[in-house]
Amino acid sequence: KHTTARAGESAYHASMRRFVTVLSALVPLSGCSADASRGGADATPPSAPEGALDPSNPGVWIDGGTFVAGSDDADDEPSSSPYSRRDEDSGRWTVPGFWLQQHEVTNEEYRRFRPSHTFPPDRARHPVVEITWSEAMAYAQSLGGTLPTEVQWEYAARGAEGREYAWGDAPPSCELAHYVECEPRSTVEAMSRPGDVTPEGVYDLAGNVREWVKPTWFDDERHPVNPDAIRLKGGSWAHLAFFLRAASVTNYVGVGYSWNNIGFRVAWPEAPGR
(Lines give C-alpha, C1' and ligand atoms only; values in the text may rest on other atoms or scores of the structure.)
Protein backbone atom coordinates (compact mmCIF):
# COMPACT_ATOMS: atom_id res chain seq x y z
CA LYS A 1 0.00 0.00 0.00
CA HIS A 2 1.38 3.42 -1.02
CA THR A 3 4.61 1.78 -2.22
CA THR A 4 5.63 4.71 -4.40
CA ALA A 5 5.27 7.29 -1.66
CA ARG A 6 7.15 5.11 0.84
CA ALA A 7 10.37 5.10 -1.17
CA GLY A 8 12.01 7.62 1.17
CA GLU A 9 10.69 6.13 4.37
CA SER A 10 13.82 4.29 5.47
CA ALA A 11 16.05 7.35 5.38
CA TYR A 12 13.40 9.38 7.15
CA HIS A 13 13.06 6.94 10.03
CA ALA A 14 16.81 6.75 10.43
CA SER A 15 16.73 10.49 11.01
CA MET A 16 13.81 10.19 13.39
CA ARG A 17 15.52 7.58 15.56
CA ARG A 18 18.35 10.00 16.28
CA PHE A 19 15.84 12.34 17.88
CA VAL A 20 13.97 9.80 19.95
CA THR A 21 16.68 9.09 22.53
CA VAL A 22 17.07 12.77 23.31
CA LEU A 23 13.38 13.65 23.33
CA SER A 24 11.84 10.61 24.97
CA ALA A 25 12.61 12.09 28.39
CA LEU A 26 11.05 15.43 27.52
CA VAL A 27 7.41 14.56 28.21
CA PRO A 28 5.24 16.50 28.36
CA LEU A 29 6.30 18.10 25.07
CA SER A 30 6.02 21.81 24.37
CA GLY A 31 2.36 22.77 24.27
CA CYS A 32 1.32 19.52 26.02
CA SER A 33 1.71 20.28 29.68
CA ALA A 34 -0.79 18.89 32.13
CA ASP A 35 -1.99 22.41 32.89
CA ALA A 36 -2.75 23.00 29.22
CA SER A 37 -4.68 19.80 28.63
CA ARG A 38 -8.45 19.72 28.69
CA GLY A 39 -8.36 17.21 31.51
CA GLY A 40 -7.21 19.85 34.01
CA ALA A 41 -4.12 20.11 36.17
CA ASP A 42 -4.25 16.45 37.21
CA ALA A 43 -4.29 15.12 33.63
CA THR A 44 -0.97 13.80 32.35
CA PRO A 45 -0.33 13.15 28.64
CA PRO A 46 0.66 9.59 27.75
CA SER A 47 4.07 8.84 26.30
CA ALA A 48 4.29 10.27 22.80
CA PRO A 49 4.51 7.88 19.84
CA GLU A 50 7.83 7.91 18.00
CA GLY A 51 6.50 9.90 15.08
CA ALA A 52 5.31 12.68 17.40
CA LEU A 53 8.80 13.28 18.78
CA ASP A 54 10.17 15.21 15.80
CA PRO A 55 11.46 18.49 17.32
CA SER A 56 10.69 20.38 14.10
CA ASN A 57 6.98 19.52 14.41
CA PRO A 58 6.15 17.77 17.69
CA GLY A 59 2.83 16.21 18.48
CA VAL A 60 0.58 18.17 20.85
CA TRP A 61 -1.57 16.11 23.20
CA ILE A 62 -5.30 16.85 22.91
CA ASP A 63 -7.04 15.43 25.94
CA GLY A 64 -10.32 13.68 25.20
CA GLY A 65 -13.67 15.31 25.81
CA THR A 66 -17.14 16.06 24.48
CA PHE A 67 -18.14 18.95 22.23
CA VAL A 68 -20.73 20.05 19.68
CA ALA A 69 -19.42 19.94 16.12
CA GLY A 70 -20.76 21.60 13.01
CA SER A 71 -23.20 24.46 12.72
CA ASP A 72 -26.86 24.67 13.63
CA ASP A 73 -27.29 28.13 12.11
CA ALA A 74 -30.05 28.52 9.57
CA ASP A 75 -28.60 28.24 6.08
CA ASP A 76 -30.41 30.33 3.49
CA GLU A 77 -27.68 29.90 0.93
CA PRO A 78 -28.44 27.64 -2.04
CA SER A 79 -26.64 24.30 -1.94
CA SER A 80 -24.49 25.38 -4.90
CA SER A 81 -23.14 28.40 -3.00
CA PRO A 82 -19.59 28.20 -1.60
CA TYR A 83 -21.00 29.90 1.52
CA SER A 84 -23.51 27.16 2.24
CA ARG A 85 -23.22 25.39 5.60
CA ARG A 86 -24.95 22.30 4.23
CA ASP A 87 -22.01 19.99 5.08
CA GLU A 88 -21.54 21.37 8.60
CA ASP A 89 -23.65 18.73 10.29
CA SER A 90 -24.33 19.62 13.92
CA GLY A 91 -23.88 16.88 16.48
CA ARG A 92 -22.47 16.07 19.90
CA TRP A 93 -19.29 14.00 19.83
CA THR A 94 -17.10 12.41 22.48
CA VAL A 95 -13.51 12.34 21.28
CA PRO A 96 -10.80 10.10 22.82
CA GLY A 97 -7.46 11.78 23.44
CA PHE A 98 -5.00 12.01 20.55
CA TRP A 99 -1.80 13.65 19.41
CA LEU A 100 -1.86 16.27 16.65
CA GLN A 101 1.14 17.89 14.99
CA GLN A 102 1.89 21.39 16.18
CA HIS A 103 1.65 22.80 12.66
CA GLU A 104 1.16 21.67 9.08
CA VAL A 105 3.85 19.48 7.50
CA THR A 106 6.49 21.69 5.89
CA ASN A 107 8.50 21.32 2.70
CA GLU A 108 11.66 20.38 4.59
CA GLU A 109 9.82 17.73 6.59
CA TYR A 110 8.20 16.24 3.50
CA ARG A 111 11.54 16.05 1.67
CA ARG A 112 12.90 13.72 4.38
CA PHE A 113 10.14 11.33 3.38
CA ARG A 114 10.32 11.92 -0.37
CA PRO A 115 13.85 13.08 -1.33
CA SER A 116 12.71 14.02 -4.84
CA HIS A 117 10.46 16.77 -3.45
CA THR A 118 11.75 20.18 -4.50
CA PHE A 119 10.90 23.72 -3.39
CA PRO A 120 12.45 27.23 -3.43
CA PRO A 121 15.16 27.69 -0.79
CA ASP A 122 13.15 30.32 1.06
CA ARG A 123 10.16 28.00 1.47
CA ALA A 124 11.67 25.25 3.59
CA ARG A 125 9.44 26.12 6.54
CA HIS A 126 6.32 26.77 4.46
CA PRO A 127 3.58 24.12 4.45
CA VAL A 128 4.01 21.53 1.72
CA VAL A 129 1.24 21.97 -0.87
CA GLU A 130 0.04 20.33 -4.08
CA ILE A 131 -0.05 16.99 -2.24
CA THR A 132 -3.00 14.67 -2.81
CA TRP A 133 -5.00 13.14 0.04
CA SER A 134 -3.42 9.73 -0.64
CA GLU A 135 0.11 11.17 -0.61
CA ALA A 136 -0.66 12.93 2.67
CA MET A 137 -2.00 9.68 4.14
CA ALA A 138 1.12 7.79 3.04
CA TYR A 139 3.33 10.34 4.80
CA ALA A 140 1.24 10.12 7.96
CA GLN A 141 1.38 6.33 7.97
CA SER A 142 5.16 6.42 7.54
CA LEU A 143 5.27 8.16 10.94
CA GLY A 144 2.98 5.58 12.50
CA GLY A 145 0.06 8.01 12.37
CA THR A 146 -2.82 8.90 10.12
CA LEU A 147 -4.75 11.91 8.89
CA PRO A 148 -7.00 13.36 11.59
CA THR A 149 -10.71 12.74 11.31
CA GLU A 150 -12.78 15.83 10.64
CA VAL A 151 -14.18 15.51 14.18
CA GLN A 152 -10.70 15.29 15.76
CA TRP A 153 -9.58 18.28 13.73
CA GLU A 154 -12.62 20.35 14.70
CA TYR A 155 -12.33 19.36 18.35
CA ALA A 156 -8.70 20.51 18.38
CA ALA A 157 -9.77 23.82 16.84
CA ARG A 158 -12.92 24.47 18.89
CA GLY A 159 -12.27 22.84 22.24
CA ALA A 160 -15.01 21.65 24.54
CA GLU A 161 -16.09 25.27 24.95
CA GLY A 162 -17.00 25.52 21.25
CA ARG A 163 -14.80 28.35 19.96
CA GLU A 164 -15.82 29.85 16.62
CA TYR A 165 -12.17 29.97 15.52
CA ALA A 166 -9.04 28.26 16.80
CA TRP A 167 -8.10 31.30 18.93
CA GLY A 168 -11.60 32.12 20.21
CA ASP A 169 -14.60 34.07 18.96
CA ALA A 170 -12.92 37.29 17.81
CA PRO A 171 -13.31 37.86 14.04
CA PRO A 172 -10.26 37.12 11.86
CA SER A 173 -7.60 39.73 11.17
CA CYS A 174 -4.16 39.57 9.59
CA GLU A 175 -2.65 39.66 13.07
CA LEU A 176 -4.55 36.50 13.95
CA ALA A 177 -4.37 34.42 10.75
CA HIS A 178 -3.10 34.39 7.18
CA TYR A 179 -6.02 34.53 4.73
CA VAL A 180 -7.10 36.32 1.56
CA GLU A 181 -7.07 39.81 3.10
CA CYS A 182 -3.38 39.49 4.02
CA GLU A 183 -0.03 39.77 2.26
CA PRO A 184 1.69 37.90 0.72
CA ARG A 185 -0.89 36.18 -1.50
CA SER A 186 0.77 32.83 -0.95
CA THR A 187 1.77 30.56 1.91
CA VAL A 188 3.86 31.85 4.80
CA GLU A 189 6.15 30.04 7.22
CA ALA A 190 4.50 27.72 9.72
CA MET A 191 3.67 29.40 13.04
CA SER A 192 4.42 32.88 11.67
CA ARG A 193 0.95 34.11 12.71
CA PRO A 194 1.16 33.62 16.49
CA GLY A 195 -2.51 34.52 16.97
CA ASP A 196 -3.63 31.45 15.01
CA VAL A 197 -3.12 29.05 17.90
CA THR A 198 -5.31 27.04 20.28
CA PRO A 199 -4.91 27.09 24.08
CA GLU A 200 -3.15 23.70 23.77
CA GLY A 201 -0.54 25.09 21.36
CA VAL A 202 -1.73 23.85 17.95
CA TYR A 203 -0.94 26.45 15.25
CA ASP A 204 -2.37 27.45 11.87
CA LEU A 205 -5.67 25.57 11.99
CA ALA A 206 -7.57 28.58 10.63
CA GLY A 207 -5.32 29.99 7.93
CA ASN A 208 -2.24 29.54 5.71
CA VAL A 209 -3.40 26.30 4.00
CA ARG A 210 -6.47 24.07 4.14
CA GLU A 211 -5.90 20.58 5.51
CA TRP A 212 -6.75 17.07 4.37
CA VAL A 213 -8.88 15.11 6.86
CA LYS A 214 -10.94 11.92 6.76
CA PRO A 215 -14.43 11.01 8.01
CA THR A 216 -14.86 9.25 11.33
CA TRP A 217 -15.99 6.02 9.66
CA PHE A 218 -12.92 5.65 7.45
CA ASP A 219 -10.68 2.68 8.27
CA ASP A 220 -7.18 3.14 6.83
CA GLU A 221 -6.72 -0.59 6.30
CA ARG A 222 -10.15 -1.61 5.00
CA HIS A 223 -11.75 1.22 3.07
CA PRO A 224 -10.65 2.12 -0.46
CA VAL A 225 -9.87 5.74 -1.18
CA ASN A 226 -12.97 7.37 -2.61
CA PRO A 227 -14.38 10.90 -2.93
CA ASP A 228 -16.57 10.45 0.17
CA ALA A 229 -13.44 9.86 2.27
CA ILE A 230 -11.58 12.95 1.04
CA ARG A 231 -12.42 16.08 2.99
CA LEU A 232 -10.91 19.46 3.81
CA LYS A 233 -10.96 21.57 6.96
CA GLY A 234 -9.77 25.09 7.70
CA GLY A 235 -9.12 28.14 5.56
CA SER A 236 -6.08 29.30 3.64
CA TRP A 237 -4.22 32.28 2.22
CA ALA A 238 -6.71 32.22 -0.67
CA HIS A 239 -9.92 32.03 1.41
CA LEU A 240 -12.29 34.57 2.89
CA ALA A 241 -12.89 34.77 6.64
CA PHE A 242 -16.02 32.58 6.35
CA PHE A 243 -13.82 29.54 5.71
CA LEU A 244 -11.58 30.14 8.73
CA ARG A 245 -14.37 28.99 11.06
CA ALA A 246 -13.62 25.71 12.83
CA ALA A 247 -16.91 24.26 11.56
CA SER A 248 -16.10 24.90 7.89
CA VAL A 249 -15.68 21.71 5.84
CA THR A 250 -15.55 20.67 2.20
CA ASN A 251 -16.73 17.15 1.33
CA TYR A 252 -16.50 14.95 -1.76
CA VAL A 253 -13.18 16.15 -3.14
CA GLY A 254 -11.66 14.35 -6.15
CA VAL A 255 -9.31 11.44 -5.43
CA GLY A 256 -6.35 12.92 -7.34
CA TYR A 257 -7.00 16.55 -6.42
CA SER A 258 -4.27 18.85 -5.11
CA TRP A 259 -3.82 22.60 -5.05
CA ASN A 260 -1.40 25.30 -3.93
CA ASN A 261 -3.46 26.13 -0.84
CA ILE A 262 -3.94 22.59 0.53
CA GLY A 263 -1.62 20.89 3.01
CA PHE A 264 -2.01 18.53 5.97
CA ARG A 265 -0.80 17.47 9.40
CA VAL A 266 -0.49 14.10 11.16
CA ALA A 267 -2.54 12.69 14.04
CA TRP A 268 -1.89 9.74 16.37
CA PRO A 269 -4.83 8.22 18.26
CA GLU A 270 -4.62 7.46 21.94
CA ALA A 271 -2.97 4.09 22.55
CA PRO A 272 -5.45 1.34 23.55
CA GLY A 273 -5.68 0.64 27.23
CA ARG A 274 -4.78 4.08 28.53
# chains A, B, ... in the order shown; residues from 1 in each chain; ligands from 1
>>> residues_around(residues="Ala170 of chain A", least_positions_apart="3", cutoff="12 Å", atoms="only C-alpha atoms", output="VMD selection string")
chain A and resid 163 to 167 173 175 to 177 195 to 196 241 244 to 245
>>> select_by_dssp(residues="segment 47-242 of chain A", states="helix (DSSP H, G or I)", output="number ranges by chain")
A: 50-53, 107-113, 121-123, 133-142, 150-158, 227-229, 241-242
>>> residues_around(residues="Pro58 of chain A", least_positions_apart="4", cutoff="6 Å", atoms="only C-alpha atoms", output="NGL selection string")
:A and (52-54 or 101-102)
>>> residues_around(residues="Ala190 of chain A", least_positions_apart="3", cutoff="8 Å", atoms="only C-alpha atoms", output="list in words")
His103, Glu104, Thr106, Arg125, His126, Pro127, Arg193, Tyr203 and Asp204 of chain A
>>> write_last_selection(atoms="all heavy atoms", output="PDB file, in the first residue's frame")
ATOM      1  N   HIS A 103       1.978  21.993  13.841  1.00  0.00           N
ATOM      2  CA  HIS A 103       1.648  22.797  12.663  1.00  0.00           C
ATOM      3  C   HIS A 103       1.601  21.890  11.442  1.00  0.00           C
ATOM      4  O   HIS A 103       1.911  20.696  11.507  1.00  0.00           O
ATOM      5  CB  HIS A 103       2.658  23.936  12.469  1.00  0.00           C
ATOM      6  CG  HIS A 103       4.087  23.481  12.363  1.00  0.00           C
ATOM      7  ND1 HIS A 103       4.610  22.886  11.228  1.00  0.00           N
ATOM      8  CD2 HIS A 103       5.114  23.521  13.266  1.00  0.00           C
ATOM      9  CE1 HIS A 103       5.879  22.594  11.425  1.00  0.00           C
ATOM     10  NE2 HIS A 103       6.214  22.958  12.651  1.00  0.00           N
ATOM     11  N   GLU A 104       1.240  22.447  10.315  1.00  0.00           N
ATOM     12  CA  GLU A 104       1.164  21.669   9.077  1.00  0.00           C
ATOM     13  C   GLU A 104       2.549  21.176   8.667  1.00  0.00           C
ATOM     14  O   GLU A 104       3.572  21.816   8.962  1.00  0.00           O
ATOM     15  CB  GLU A 104       0.571  22.550   7.971  1.00  0.00           C
ATOM     16  CG  GLU A 104      -0.881  22.906   8.211  1.00  0.00           C
ATOM     17  CD  GLU A 104      -1.203  24.375   8.030  1.00  0.00           C
ATOM     18  OE1 GLU A 104      -0.265  25.191   7.953  1.00  0.00           O
ATOM     19  OE2 GLU A 104      -2.394  24.708   7.978  1.00  0.00           O
ATOM     20  N   THR A 106       5.780  20.721   6.714  1.00  0.00           N
ATOM     21  CA  THR A 106       6.487  21.695   5.890  1.00  0.00           C
ATOM     22  C   THR A 106       7.234  21.016   4.746  1.00  0.00           C
ATOM     23  O   THR A 106       7.384  19.789   4.712  1.00  0.00           O
ATOM     24  CB  THR A 106       7.503  22.483   6.731  1.00  0.00           C
ATOM     25  OG1 THR A 106       8.505  21.572   7.218  1.00  0.00           O
ATOM     26  CG2 THR A 106       6.827  23.185   7.908  1.00  0.00           C
ATOM     27  N   ARG A 125      10.341  26.185   5.395  1.00  0.00           N
ATOM     28  CA  ARG A 125       9.437  26.118   6.541  1.00  0.00           C
ATOM     29  C   ARG A 125       7.996  26.476   6.185  1.00  0.00           C
ATOM     30  O   ARG A 125       7.168  26.660   7.063  1.00  0.00           O
ATOM     31  CB  ARG A 125       9.945  27.043   7.661  1.00  0.00           C
ATOM     32  CG  ARG A 125      11.246  26.588   8.279  1.00  0.00           C
ATOM     33  CD  ARG A 125      11.062  25.342   9.116  1.00  0.00           C
ATOM     34  NE  ARG A 125      10.192  25.555  10.254  1.00  0.00           N
ATOM     35  CZ  ARG A 125       9.590  24.578  10.939  1.00  0.00           C
ATOM     36  NH1 ARG A 125       9.746  23.313  10.575  1.00  0.00           N
ATOM     37  NH2 ARG A 125       8.825  24.855  11.973  1.00  0.00           N
ATOM     38  N   HIS A 126       7.695  26.578   4.885  1.00  0.00           N
ATOM     39  CA  HIS A 126       6.316  26.772   4.455  1.00  0.00           C
ATOM     40  C   HIS A 126       5.608  25.421   4.415  1.00  0.00           C
ATOM     41  O   HIS A 126       6.244  24.377   4.209  1.00  0.00           O
ATOM     42  CB  HIS A 126       6.272  27.388   3.054  1.00  0.00           C
ATOM     43  CG  HIS A 126       6.634  28.837   3.020  1.00  0.00           C
ATOM     44  ND1 HIS A 126       5.864  29.785   2.387  1.00  0.00           N
ATOM     45  CD2 HIS A 126       7.683  29.510   3.539  1.00  0.00           C
ATOM     46  CE1 HIS A 126       6.419  30.969   2.501  1.00  0.00           C
ATOM     47  NE2 HIS A 126       7.533  30.833   3.198  1.00  0.00           N
ATOM     48  N   PRO A 127       4.293  25.404   4.573  1.00  0.00           N
ATOM     49  CA  PRO A 127       3.580  24.120   4.449  1.00  0.00           C
ATOM     50  C   PRO A 127       3.769  23.515   3.060  1.00  0.00           C
ATOM     51  O   PRO A 127       3.765  24.231   2.055  1.00  0.00           O
ATOM     52  CB  PRO A 127       2.112  24.513   4.669  1.00  0.00           C
ATOM     53  CG  PRO A 127       2.157  25.817   5.385  1.00  0.00           C
ATOM     54  CD  PRO A 127       3.386  26.508   4.903  1.00  0.00           C
ATOM     55  N   ARG A 193       2.080  33.305  12.225  1.00  0.00           N
ATOM     56  CA  ARG A 193       0.954  34.106  12.706  1.00  0.00           C
ATOM     57  C   ARG A 193       0.628  33.615  14.113  1.00  0.00           C
ATOM     58  O   ARG A 193      -0.173  32.703  14.289  1.00  0.00           O
ATOM     59  CB  ARG A 193      -0.262  33.964  11.781  1.00  0.00           C
ATOM     60  CG  ARG A 193      -0.033  34.468  10.371  1.00  0.00           C
ATOM     61  CD  ARG A 193       0.207  35.982  10.336  1.00  0.00           C
ATOM     62  NE  ARG A 193       0.313  36.484   8.976  1.00  0.00           N
ATOM     63  CZ  ARG A 193       1.463  36.582   8.302  1.00  0.00           C
ATOM     64  NH1 ARG A 193       2.599  36.185   8.875  1.00  0.00           N
ATOM     65  NH2 ARG A 193       1.477  37.080   7.078  1.00  0.00           N
ATOM     66  N   TYR A 203      -0.992  25.247  16.076  1.00  0.00           N
ATOM     67  CA  TYR A 203      -0.944  26.449  15.253  1.00  0.00           C
ATOM     68  C   TYR A 203      -1.552  26.235  13.864  1.00  0.00           C
ATOM     69  O   TYR A 203      -1.572  25.132  13.338  1.00  0.00           O
ATOM     70  CB  TYR A 203       0.509  26.893  15.070  1.00  0.00           C
ATOM     71  CG  TYR A 203       1.122  27.548  16.289  1.00  0.00           C
ATOM     72  CD1 TYR A 203       1.580  26.780  17.349  1.00  0.00           C
ATOM     73  CD2 TYR A 203       1.243  28.933  16.373  1.00  0.00           C
ATOM     74  CE1 TYR A 203       2.143  27.369  18.475  1.00  0.00           C
ATOM     75  CE2 TYR A 203       1.810  29.531  17.488  1.00  0.00           C
ATOM     76  CZ  TYR A 203       2.257  28.749  18.539  1.00  0.00           C
ATOM     77  OH  TYR A 203       2.820  29.335  19.643  1.00  0.00           O
ATOM     78  N   ASP A 204      -2.017  27.351  13.300  1.00  0.00           N
ATOM     79  CA  ASP A 204      -2.371  27.450  11.871  1.00  0.00           C
ATOM     80  C   ASP A 204      -3.546  26.562  11.467  1.00  0.00           C
ATOM     81  O   ASP A 204      -3.628  26.130  10.314  1.00  0.00           O
ATOM     82  CB  ASP A 204      -1.152  27.127  10.993  1.00  0.00           C
ATOM     83  CG  ASP A 204       0.023  28.052  11.251  1.00  0.00           C
ATOM     84  OD1 ASP A 204      -0.192  29.186  11.706  1.00  0.00           O
ATOM     85  OD2 ASP A 204       1.172  27.637  10.994  1.00  0.00           O
TER      86      ASP A 204
END
>>> closest_residue(among="A:Cys174, A:Val180, A:Ala69, A:Val129", to="Ser248 of chain A", atoms="only C-alpha atoms")
A:Ala69
>>> select_by_dssp(residues="segment 31-248 of chain A", states="strand (DSSP E or B)", output="JSON, numbers by chain")
{"A": [59, 60, 61, 62, 65, 66, 67, 68, 69, 91, 92, 93, 94, 95, 98, 99, 100, 101, 106, 127, 146, 149, 165, 168, 197, 203, 210, 211, 212, 213, 214, 231, 232, 233]}
>>> residues_around(residues="segment 263-265 of chain A", least_positions_apart="5", cutoff="8 Å", atoms="only C-alpha atoms", output="list in words")
Leu100, Gln101, His103, Glu104, Val105, Pro127, Val128, Val129, Glu130, Ile131, Ala136, Ala140, Leu147, Pro148, Val209, Arg210, Glu211, Trp212 and Val213 of chain A
>>> residues_around(residues="His239 of chain A", least_positions_apart="6", cutoff="12 Å", atoms="only C-alpha atoms", output="list in words")
Pro82, Tyr83, Pro172, Ala177, His178, Tyr179, Val180, Glu181, Cys182, Arg185, Ser186, Thr187, Ala206, Gly207, Asn208, Val209, Arg210, Lys233, Arg245, Ser248, Asn261 and Ile262 of chain A
>>> atom_distance(atom1="atom CA of Ser47 of chain A", atom2="atom CA of Trp268 of chain A")
11.6 Å
>>> residues_around(residues="Pro269 of chain A", least_positions_apart="5", cutoff="7 Å", atoms="only C-alpha atoms", output="VMD selection string")
chain A and resid 97 to 99
>>> closest_residue(among="A:Gly91, A:Pro171, A:Gly51, A:Pro121", to="Gly145 of chain A", atoms="only C-alpha atoms")
A:Gly51
>>> atom_distance(atom1="atom CA of Asn226 of chain A", atom2="atom CA of Val95 of chain A")
24.4 Å
